[in-house]
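Listing of query_28.cif; format and content: mmCIF, C-alpha atoms (C1' of nucleotides).
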```
data_upload
loop_
_atom_site.label_atom_id
_atom_site.label_comp_id
_atom_site.auth_asym_id
_atom_site.auth_seq_id
_atom_site.Cartn_x
_atom_site.Cartn_y
_atom_site.Cartn_z
CA MET A 15 94.15 175.44 52.55
CA PRO A 16 91.29 174.64 54.85
CA GLU A 17 91.21 173.00 58.20
CA ASN A 18 92.99 169.76 57.40
CA ALA A 19 96.15 171.07 55.93
CA GLU A 20 98.40 169.11 58.20
CA ILE A 21 97.48 165.67 56.97
CA GLY A 22 98.75 165.86 53.45
CA ALA A 23 100.97 168.81 54.03
CA PRO A 24 104.55 168.48 52.84
CA ARG A 25 106.50 167.80 55.95
CA ALA A 26 109.77 167.44 54.12
CA ALA A 27 111.71 165.55 56.70
CA GLY A 28 114.99 166.53 55.15
CA ALA A 29 113.93 170.16 55.41
CA PRO A 30 115.93 171.59 52.57
CA SER A 31 116.38 175.28 52.89
CA GLY A 32 115.21 177.93 50.50
CA PRO A 33 111.76 179.15 49.63
CA ASP A 34 108.97 176.77 50.48
CA GLN A 35 107.49 176.92 47.06
CA LEU A 36 109.03 173.77 45.70
CA LEU A 37 109.10 171.72 48.84
CA PHE A 38 106.39 169.48 47.44
CA LEU A 39 108.78 168.36 44.71
CA THR A 40 111.56 167.04 46.92
CA GLU A 41 112.81 163.49 46.42
CA GLU A 42 111.36 162.72 49.82
CA GLN A 43 107.91 163.85 48.76
CA LEU A 44 108.14 161.80 45.60
CA ARG A 45 109.10 158.71 47.56
CA GLN A 46 106.18 159.21 49.89
CA GLY A 47 103.90 159.56 46.91
CA ILE A 48 105.16 156.28 45.48
CA GLU A 49 104.58 154.47 48.75
CA LEU A 50 101.16 156.00 49.25
CA MET A 51 100.13 154.78 45.82
CA PHE A 52 101.27 151.29 46.72
CA PHE A 53 99.51 151.08 50.07
CA ALA A 54 96.36 152.87 48.99
CA TYR A 55 95.94 150.71 45.93
CA ARG A 56 96.53 147.58 47.93
CA ASP A 57 93.81 148.46 50.41
CA PHE A 58 91.58 149.78 47.67
CA THR A 59 91.57 146.42 45.90
CA SER A 60 91.32 144.29 49.00
CA ASP A 61 87.54 144.60 49.41
CA PRO A 62 86.53 143.40 45.95
CA ASP A 63 89.27 140.79 46.10
CA ALA A 64 87.49 139.23 49.06
CA VAL A 65 84.16 139.15 47.22
CA LEU A 66 85.81 137.70 44.13
CA ALA A 67 87.60 135.01 46.10
CA GLU A 68 84.26 133.62 47.30
CA ARG A 69 83.35 132.82 43.71
CA GLY A 70 86.78 131.76 42.58
CA TYR A 71 87.26 134.83 40.46
CA GLY A 72 90.14 137.25 40.30
CA ARG A 73 90.76 140.87 39.47
CA ALA A 74 90.57 140.17 35.76
CA HIS A 75 86.93 139.23 36.19
CA HIS A 76 86.28 142.41 38.13
CA ARG A 77 87.79 144.58 35.44
CA ALA A 78 85.80 142.92 32.69
CA ILE A 79 82.58 143.23 34.67
CA HIS A 80 83.26 146.85 35.49
CA PHE A 81 83.79 147.95 31.93
CA ILE A 82 80.95 145.88 30.52
CA LYS A 83 78.73 147.63 33.02
CA ARG A 84 80.18 150.94 31.96
CA ARG A 85 79.79 150.39 28.24
CA PRO A 86 76.89 148.03 27.68
CA GLY A 87 77.13 146.43 24.29
CA VAL A 88 80.90 146.83 24.12
CA THR A 89 82.63 144.49 21.69
CA ILE A 90 85.52 142.16 22.44
CA ALA A 91 87.90 144.44 20.59
CA GLY A 92 86.58 147.43 22.50
CA LEU A 93 87.19 145.71 25.78
CA LEU A 94 90.65 144.61 24.71
CA ASP A 95 91.44 148.19 23.89
CA ILE A 96 90.33 149.43 27.28
CA LEU A 97 91.99 146.73 29.32
CA LYS A 98 95.17 146.39 27.30
CA VAL A 99 95.48 142.67 27.79
CA THR A 100 95.77 139.96 25.21
CA LYS A 101 92.81 138.37 23.53
CA GLN A 102 93.67 135.06 25.12
CA SER A 103 93.69 136.49 28.62
CA LEU A 104 90.39 138.23 28.16
CA ASN A 105 88.84 135.25 26.46
CA ARG A 106 89.43 132.94 29.38
CA VAL A 107 87.74 135.37 31.74
CA LEU A 108 84.82 136.10 29.44
CA ARG A 109 84.19 132.44 28.76
CA GLN A 110 83.79 131.85 32.48
CA LEU A 111 81.55 134.84 32.99
CA ILE A 112 79.31 133.82 30.12
CA GLU A 113 79.16 130.19 31.24
CA ASP A 114 78.29 131.34 34.74
CA GLY A 115 75.47 133.48 33.40
CA LEU A 116 76.89 136.84 34.46
CA VAL A 117 77.55 138.18 31.00
CA GLU A 118 75.62 137.70 27.81
CA SER A 119 77.20 137.85 24.40
CA SER A 120 75.03 138.69 21.42
CA MET A 121 75.88 138.88 17.76
CA GLY A 122 76.56 142.36 16.41
CA GLU A 123 73.72 143.84 14.44
CA VAL A 124 75.69 145.78 11.93
CA ASP A 125 78.74 143.52 11.85
CA ARG A 126 77.83 139.96 12.64
CA ARG A 127 81.41 139.05 13.45
CA GLN A 128 81.27 141.24 16.49
CA ARG A 129 79.93 140.28 19.88
CA ASN A 130 78.08 142.74 22.06
CA LEU A 131 78.62 142.15 25.76
CA ARG A 132 76.15 142.97 28.49
CA LEU A 133 75.68 142.09 32.14
CA THR A 134 72.79 139.86 33.07
CA ALA A 135 70.78 140.62 36.17
CA GLU A 136 73.07 138.32 38.10
CA GLY A 137 76.06 140.08 36.58
CA GLU A 138 74.68 143.42 37.69
CA ALA A 139 74.30 142.05 41.19
CA LEU A 140 77.92 140.93 41.33
CA GLU A 141 79.06 144.22 39.86
CA HIS A 142 77.30 146.02 42.64
CA ALA A 143 78.72 143.74 45.32
CA LEU A 144 82.18 144.40 43.94
CA SER A 145 81.96 148.13 43.50
CA GLU A 146 80.01 149.07 46.58
CA PRO A 147 82.88 148.55 49.03
CA GLN A 148 85.14 150.60 46.79
CA ARG A 149 82.59 153.35 46.46
CA ALA A 150 82.08 153.32 50.21
CA ARG A 151 85.82 153.61 50.73
CA LEU A 152 86.11 156.49 48.30
CA ARG A 153 82.97 158.15 49.61
CA ARG A 154 84.41 158.19 53.08
CA ALA A 155 87.85 159.32 51.92
CA PHE A 156 86.39 162.06 49.72
CA SER A 157 84.04 163.21 52.41
CA GLU A 158 86.76 163.38 55.02
CA ALA A 159 89.26 165.10 52.77
CA GLY A 160 86.88 167.61 51.28
CA PRO A 161 86.13 168.83 47.76
CA GLN A 162 89.33 170.72 47.27
CA ALA A 163 91.45 167.71 48.17
CA VAL A 164 89.36 165.55 45.85
CA ALA A 165 89.99 167.97 43.03
CA GLY A 166 93.71 167.71 43.70
CA PHE A 167 93.53 163.94 43.89
CA ARG A 168 91.93 163.81 40.47
CA GLN A 169 94.33 166.30 38.94
CA VAL A 170 97.38 164.40 40.09
CA LEU A 171 96.04 161.01 39.01
CA ALA A 172 95.12 162.40 35.60
CA ARG A 173 98.60 163.84 35.25
CA MET A 174 100.14 160.50 36.12
CA LEU A 175 98.58 158.85 33.10
CA ASP A 176 100.74 158.04 30.11
CA GLU A 177 100.73 161.09 27.91
CA GLY A 178 99.96 159.04 24.84
CA GLY A 179 96.70 157.63 26.09
CA ARG A 180 95.69 160.35 28.50
CA ASP A 181 93.05 161.98 26.35
CA ALA A 182 91.50 158.64 25.48
CA VAL A 183 91.47 157.51 29.09
CA MET A 184 90.10 160.76 30.42
CA SER A 185 87.33 160.88 27.88
CA LEU A 186 86.42 157.31 28.76
CA VAL A 187 86.47 158.07 32.46
CA GLU A 188 84.50 161.27 32.12
CA ARG A 189 81.93 160.02 29.68
CA SER A 190 78.82 159.20 31.62
CA GLU A 191 76.76 157.56 28.87
CA ARG A 192 74.31 155.87 31.15
CA MET B 25 91.17 159.74 66.81
CA PRO B 26 92.83 162.44 68.82
CA GLU B 27 95.16 164.55 66.76
CA ASN B 28 93.17 164.91 63.58
CA ALA B 29 89.67 164.83 64.93
CA GLU B 30 88.44 167.49 62.57
CA ILE B 31 89.41 165.40 59.61
CA GLY B 32 86.72 162.88 60.17
CA ALA B 33 84.08 165.52 60.71
CA PRO B 34 81.00 164.31 58.91
CA ARG B 35 80.69 166.92 56.29
CA ALA B 36 78.34 164.87 54.26
CA ALA B 37 76.07 164.20 57.18
CA GLY B 38 73.03 166.25 56.46
CA ALA B 39 72.05 168.88 53.91
CA PRO B 40 71.63 166.79 50.80
CA SER B 41 69.52 169.57 49.40
CA GLY B 42 72.19 172.21 49.82
CA PRO B 43 73.86 173.90 46.87
CA ASP B 44 76.72 172.37 44.96
CA GLN B 45 78.72 171.58 48.04
CA LEU B 46 78.31 167.85 47.79
CA LEU B 47 78.58 167.36 44.08
CA PHE B 48 82.00 165.83 44.58
CA LEU B 49 80.33 162.94 46.40
CA THR B 50 77.97 161.83 43.67
CA GLU B 51 78.01 158.22 42.53
CA GLU B 52 79.38 159.45 39.25
CA GLN B 53 82.33 161.12 40.93
CA LEU B 54 83.02 157.97 42.91
CA ARG B 55 82.98 155.86 39.77
CA GLN B 56 85.39 158.23 38.09
CA GLY B 57 87.65 158.00 41.12
CA ILE B 58 87.63 154.22 40.91
CA GLU B 59 88.53 154.25 37.25
CA LEU B 60 91.21 156.87 37.69
CA MET B 61 92.83 154.71 40.35
CA PHE B 62 92.82 151.77 37.98
CA PHE B 63 94.30 153.59 35.00
CA ALA B 64 96.77 155.68 36.96
CA TYR B 65 98.09 152.68 38.86
CA ARG B 66 98.41 150.69 35.67
CA ASP B 67 100.50 153.37 34.01
CA PHE B 68 102.38 154.06 37.22
CA THR B 69 103.62 150.48 37.41
CA SER B 70 104.31 150.08 33.71
CA ASP B 71 107.74 151.72 33.77
CA PRO B 72 109.33 149.59 36.47
CA ASP B 73 107.61 146.55 35.01
CA ALA B 74 109.58 147.06 31.83
CA VAL B 75 112.88 147.28 33.71
CA LEU B 76 112.01 144.22 35.77
CA ALA B 77 111.06 142.19 32.73
CA GLU B 78 114.57 142.60 31.33
CA ARG B 79 115.95 140.70 34.30
CA GLY B 80 113.13 138.22 34.62
CA TYR B 81 111.85 139.79 37.77
CA GLY B 82 108.34 140.86 38.70
CA ARG B 83 106.65 143.35 40.95
CA ALA B 84 107.31 141.27 43.99
CA HIS B 85 111.01 141.82 43.50
CA HIS B 86 110.45 145.53 43.12
CA ARG B 87 108.52 145.75 46.37
CA ALA B 88 111.12 143.81 48.30
CA ILE B 89 113.93 145.95 46.90
CA HIS B 90 112.06 149.14 47.63
CA PHE B 91 111.45 148.40 51.26
CA ILE B 92 114.89 146.95 51.89
CA LYS B 93 116.26 150.20 50.55
CA ARG B 94 113.87 152.09 52.77
CA ARG B 95 114.68 150.19 55.93
CA PRO B 96 118.20 148.88 55.67
CA GLY B 97 118.71 146.00 58.05
CA VAL B 98 115.06 145.06 58.09
CA THR B 99 114.36 141.50 59.16
CA ILE B 100 112.35 138.91 57.26
CA ALA B 101 109.48 139.29 59.70
CA GLY B 102 109.61 143.04 59.35
CA LEU B 103 109.38 142.80 55.59
CA LEU B 104 106.55 140.30 55.83
CA ASP B 105 104.71 142.73 58.02
CA ILE B 106 105.11 145.57 55.56
CA LEU B 107 104.31 143.61 52.44
CA LYS B 108 101.55 141.45 53.88
CA VAL B 109 102.42 138.41 51.86
CA THR B 110 103.24 134.92 53.02
CA LYS B 111 106.66 133.84 54.12
CA GLN B 112 106.81 131.41 51.22
CA SER B 113 106.09 134.08 48.64
CA LEU B 114 108.65 136.45 50.05
CA ASN B 115 111.20 133.70 50.47
CA ARG B 116 111.12 132.76 46.80
CA VAL B 117 111.80 136.35 45.83
CA LEU B 118 114.48 136.97 48.44
CA ARG B 119 116.33 133.79 47.59
CA GLN B 120 116.64 134.99 44.01
CA LEU B 121 117.73 138.47 44.97
CA ILE B 122 120.36 137.11 47.32
CA GLU B 123 121.63 134.57 44.79
CA ASP B 124 121.82 137.29 42.17
CA GLY B 125 123.87 139.45 44.50
CA LEU B 126 121.38 142.30 44.85
CA VAL B 127 120.56 141.74 48.50
CA GLU B 128 122.76 140.63 51.33
CA SER B 129 121.45 138.79 54.33
CA SER B 130 123.42 138.94 57.56
CA MET B 131 122.81 137.29 60.89
CA GLY B 132 121.13 139.46 63.48
CA GLU B 133 123.45 140.82 66.14
CA VAL B 134 121.10 140.75 69.07
CA ASP B 135 118.96 137.82 67.95
CA ARG B 136 120.95 135.41 65.85
CA ARG B 137 117.83 133.80 64.44
CA GLN B 138 117.03 136.97 62.60
CA ARG B 139 118.41 138.06 59.25
CA ASN B 140 119.19 141.65 58.44
CA LEU B 141 118.63 142.55 54.81
CA ARG B 142 120.49 145.18 52.88
CA LEU B 143 120.97 146.13 49.25
CA THR B 144 124.37 145.59 47.70
CA ALA B 145 125.79 148.19 45.35
CA GLU B 146 124.23 146.31 42.48
CA GLY B 147 120.95 146.21 44.35
CA GLU B 148 121.08 149.95 44.86
CA ALA B 149 121.65 150.38 41.15
CA LEU B 150 118.60 148.33 40.27
CA GLU B 151 116.55 150.13 42.88
CA HIS B 152 117.43 153.40 41.27
CA ALA B 153 116.65 152.14 37.78
CA LEU B 154 113.27 150.99 39.05
CA SER B 155 112.28 154.03 41.03
CA GLU B 156 113.59 156.76 38.78
CA PRO B 157 110.87 156.43 36.13
CA GLN B 158 108.24 156.49 38.85
CA ARG B 159 109.78 159.52 40.49
CA ALA B 160 110.00 161.23 37.12
CA ARG B 161 106.34 160.48 36.49
CA LEU B 162 105.31 161.81 39.89
CA ARG B 163 107.61 164.78 39.61
CA ARG B 164 105.97 165.81 36.41
CA ALA B 165 102.46 165.15 37.68
CA PHE B 166 103.11 167.01 40.93
CA SER B 167 104.73 169.90 39.17
CA GLU B 168 101.92 170.24 36.66
CA ALA B 169 99.17 169.93 39.22
CA GLY B 170 100.73 172.21 41.82
CA PRO B 171 101.28 172.02 45.56
CA GLN B 172 97.67 172.37 46.55
CA ALA B 173 96.59 169.51 44.31
CA VAL B 174 99.45 167.39 45.67
CA ALA B 175 98.28 168.04 49.21
CA GLY B 176 94.80 166.89 48.21
CA PHE B 177 96.19 163.83 46.45
CA ARG B 178 97.99 162.84 49.61
CA GLN B 179 95.04 163.48 51.87
CA VAL B 180 92.71 161.37 49.81
CA LEU B 181 95.17 158.49 49.46
CA ALA B 182 95.84 158.54 53.19
CA ARG B 183 92.13 158.45 53.86
CA MET B 184 91.69 155.51 51.55
CA LEU B 185 93.92 153.34 53.69
CA ASP B 186 92.36 150.68 55.88
CA GLU B 187 91.55 152.35 59.15
CA GLY B 188 93.16 149.54 61.12
CA GLY B 189 96.60 149.95 59.65
CA ARG B 190 96.49 153.59 58.69
CA ASP B 191 98.60 154.92 61.51
CA ALA B 192 101.20 152.23 61.02
CA VAL B 193 101.34 152.82 57.28
CA MET B 194 101.46 156.58 57.55
CA SER B 195 104.21 156.51 60.10
CA LEU B 196 106.17 154.16 57.87
CA VAL B 197 105.60 156.36 54.84
CA GLU B 198 106.46 159.55 56.64
CA ARG B 199 109.45 158.27 58.52
CA SER B 200 112.52 159.41 56.69
CA GLU B 201 115.21 157.52 58.63
CA ARG B 202 117.90 157.91 56.06
"C1'" DT C 3 117.98 122.59 82.89
"C1'" DG C 4 114.19 121.71 80.10
"C1'" DC C 5 110.34 122.95 77.35
"C1'" DA C 6 107.71 126.05 74.55
"C1'" DT C 7 107.99 129.67 71.43
"C1'" DT C 8 109.82 132.42 67.81
"C1'" DC C 9 112.42 133.31 63.39
"C1'" DA C 10 113.79 131.69 59.29
"C1'" DG C 11 113.82 128.47 55.50
"C1'" DT C 12 111.97 124.78 52.70
"C1'" DC C 13 108.97 121.25 50.12
"C1'" DA C 14 104.84 120.34 47.71
"C1'" DA C 15 100.61 121.43 45.54
"C1'" DC C 16 97.54 124.65 43.69
"C1'" DG C 17 95.29 128.69 41.24
"C1'" DT C 18 95.03 133.22 38.89
"C1'" DC C 19 96.35 135.66 35.30
"C1'" DA C 20 99.46 137.63 32.50
"C1'" DC C 21 102.36 136.39 28.15
"C1'" DT C 22 103.76 134.32 23.12
"C1'" DG C 23 102.77 131.76 19.09
"C1'" DA C 24 99.99 129.27 16.04
"C1'" DC C 25 95.79 128.28 14.01
"C1'" DA C 26 90.53 128.12 12.82
"C1'" DT C 27 86.30 130.22 11.33
"C1'" DA C 28 83.11 133.42 9.80
"C1'" DA C 29 82.01 137.78 7.99
"C1'" DA C 30 83.16 142.00 5.86
"C1'" DT C 31 85.67 144.55 2.50
"C1'" DC C 32 88.28 145.50 -1.55
"C1'" DG D 4 87.95 135.80 -5.31
"C1'" DA D 5 91.43 137.35 -2.23
"C1'" DT D 6 92.46 139.82 1.74
"C1'" DT D 7 91.47 141.70 6.04
"C1'" DT D 8 89.04 141.84 10.36
"C1'" DA D 9 86.75 139.99 14.66
"C1'" DT D 10 86.47 136.34 17.40
"C1'" DG D 11 87.73 131.98 19.53
"C1'" DT D 12 90.83 128.33 20.85
"C1'" DC D 13 95.00 125.20 21.80
"C1'" DA D 14 99.43 124.71 23.90
"C1'" DG D 15 103.16 126.27 26.59
"C1'" DT D 16 105.43 129.44 29.90
"C1'" DG D 17 106.13 132.15 33.95
"C1'" DA D 18 105.28 135.39 37.93
"C1'" DC D 19 103.35 135.39 42.09
"C1'" DG D 20 100.12 134.69 45.32
"C1'" DT D 21 97.94 130.93 48.48
"C1'" DT D 22 97.64 126.78 52.30
"C1'" DG D 23 99.75 123.24 54.86
"C1'" DA D 24 103.36 120.72 56.87
"C1'" DC D 25 107.79 120.45 58.42
"C1'" DT D 26 112.73 121.52 59.66
"C1'" DG D 27 116.58 123.66 62.44
"C1'" DA D 28 118.37 127.05 65.29
"C1'" DA D 29 118.08 130.40 68.86
"C1'" DT D 30 115.62 132.47 72.47
"C1'" DG D 31 112.94 133.01 76.64
"C1'" DC D 32 110.76 131.45 80.49
"C1'" DA D 33 109.36 128.30 84.33
#
```
File written out as structure tokens:
Amino acid sequence: MPENAEIGAPRAAGAPSGPDQLLFLTEEQLRQGIELMFFAYRDFTSDPDAVLAERGYGRAHHRAIHFIKRRPGVTIAGLLDILKVTKQSLNRVLRQLIEDGLVESSMGEVDRRQRNLRLTAEGEALEHALSEPQRARLRRAFSEAGPQAVAGFRQVLARMLDEGGRDAVMSLVERSER
Amino acid sequence: MPENAEIGAPRAAGAPSGPDQLLFLTEEQLRQGIELMFFAYRDFTSDPDAVLAERGYGRAHHRAIHFIKRRPGVTIAGLLDILKVTKQSLNRVLRQLIEDGLVESSMGEVDRRQRNLRLTAEGEALEHALSEPQRARLRRAFSEAGPQAVAGFRQVLARMLDEGGRDAVMSLVERSER
DNA sequence: TGCATTCAGTCAACGTCACTGACATAAATC
DNA sequence: GATTTATGTCAGTGACGTTGACTGAATGCA
């Protein structure tokens, strides 16, 4: 472990005895992990939340915009599958985004029932305004923690995913397709 | 930034042309980090959400219960400070929890305007039912990823916190006080 | 003692964003 | 031609966050 071992190092307040090998699995460490997830996620979402609030949008809009950016031409069903929300929930958000000129919906070429979703130039601009603060936050955190810590961060998050959907999620996350 | 000055050392400062050392800071890696946070947090909260839904509660109840368990005797103001929600939001949740016999509110001993909050036996039981699936998920993820990955996970999450409140959050998270 | 402040609790109104259930329409498929 | 699929919409519900205004009780200070 490099120079910054002390920050994330298992302190194990209860200091159970025995070999140190499993100290990172104590109940205390698990509780700290739970709380860190809560606080980190709260701060992580606070920047885009502020941008969204200016336009009267919420996190649902952010998620839709993010994944439309990621998979240009995605269908409604595809987006529903990624987001795991109901059609009605997604529809309300998409209707707004389309009306506001951030997303364009075009008829499917092979299957004309389908809609292919894409960001307009304005949609791209909002996407960038939303994601840049998060990227900046991660960039700083990654840079300060170092590559080895980042690798651990990713491993643990990946292992926290539901086993059922893990492969699907990881292949979505890791597919660059841009 | 006294104690962990080396943490913030600008590793990414120069040398963009260097070898693979900075590949973990590419835009692509940042985007993957953002998506992993989204999916992991979604799955992470899904287990307690299911338990809560059975009783007609939501995440707000979970958070209140968690931090009352963590800091027995905490005051309303203390909880507001941790959760960063409005008094009105918290009050609605607390009123329910108290009515349902999960939380008890007693008058402060030094300052009789204050209320000290504690979980009842039933509250402790629900807290356990809520946190156990999350602990199990983390336990598995930690165990599979290994201690070094866990250290990295913690470092990155800690570094993602808002700088303003980081020390306060980390000292809350790391304080055992039980 | 008297006044300002603090802590807690409440009322009302509002908005986002999930959910269920039911139904409509068009296009594809069998 | 009948069924299935993809999308869209209407209505209702509920959790949970917000702002703003106001109360009562206890405290602290001049």
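With only C-alpha atoms as the atoms that count, the minimum distance from Phe81 of chain A to the choices A:Asp125, A:Glu141, A:Glu68, A:Glu177 is reached by A:Glu141.
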Find the residues in chain B near chain C: any atom within 12 Å counts, using only C-alpha atoms (C1' of nucleotides). Write them as JSON, numbers by chain. {"B": [77, 82, 99, 100, 101, 102, 104, 111, 112, 113, 114, 115, 116, 118, 119, 129, 131, 132, 135, 136, 137, 138, 139, 140]}
Residues of chain B within 8 Å of chain A, only C-alpha atoms counted, as number ranges by chain: B: 28, 30-36, 45-46, 48-49, 51-52, 54-61, 63-65, 67-68, 158-159, 161-169, 171-186, 193, 197-200
Chain D near chain B within 9 Å: what's each residue's closest atom pair and its distance in Å to one decimal, counting only C-alpha atoms (C1' of nucleotides), ordered by chain then ascending residue number, as a Markdown table?
```
| residue | atom | partner | partner_atom | distance |
| --- | --- | --- | --- | --- |
| D:DA18 | C1' | B:Gly82 | CA | 6.3 |
| D:DC19 | C1' | B:Ser113 | CA | 7.2 |
| D:DG20 | C1' | B:Ser113 | CA | 6.9 |
| D:DT21 | C1' | B:Thr110 | CA | 8.0 |
| D:DA28 | C1' | B:Arg137 | CA | 6.8 |
| D:DA29 | C1' | B:Arg137 | CA | 5.6 |
| D:DT30 | C1' | B:Asp135 | CA | 7.8 |
```
Which one of B:Ala74, B:Asp124, B:Glu133, B:Arg142 sits closest to Leu103 of chain B if you count all atoms listed in the file?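 Of the candidates, the smallest distance to Leu103 of chain B is held by B:Arg142.
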Go through the shown structure with the PyMOL selection byres ((chain A and resi 118) around 12) and write out the matching residues as a PyMOL selection string. chain A and resi 79+82-83+86-89+108-117+119-121+129-138
One decimal, Å: what's the distance from atom CA of Asp181 of chain A over to atom CA of Glu156 of chain B, could you say? 24.6 Å
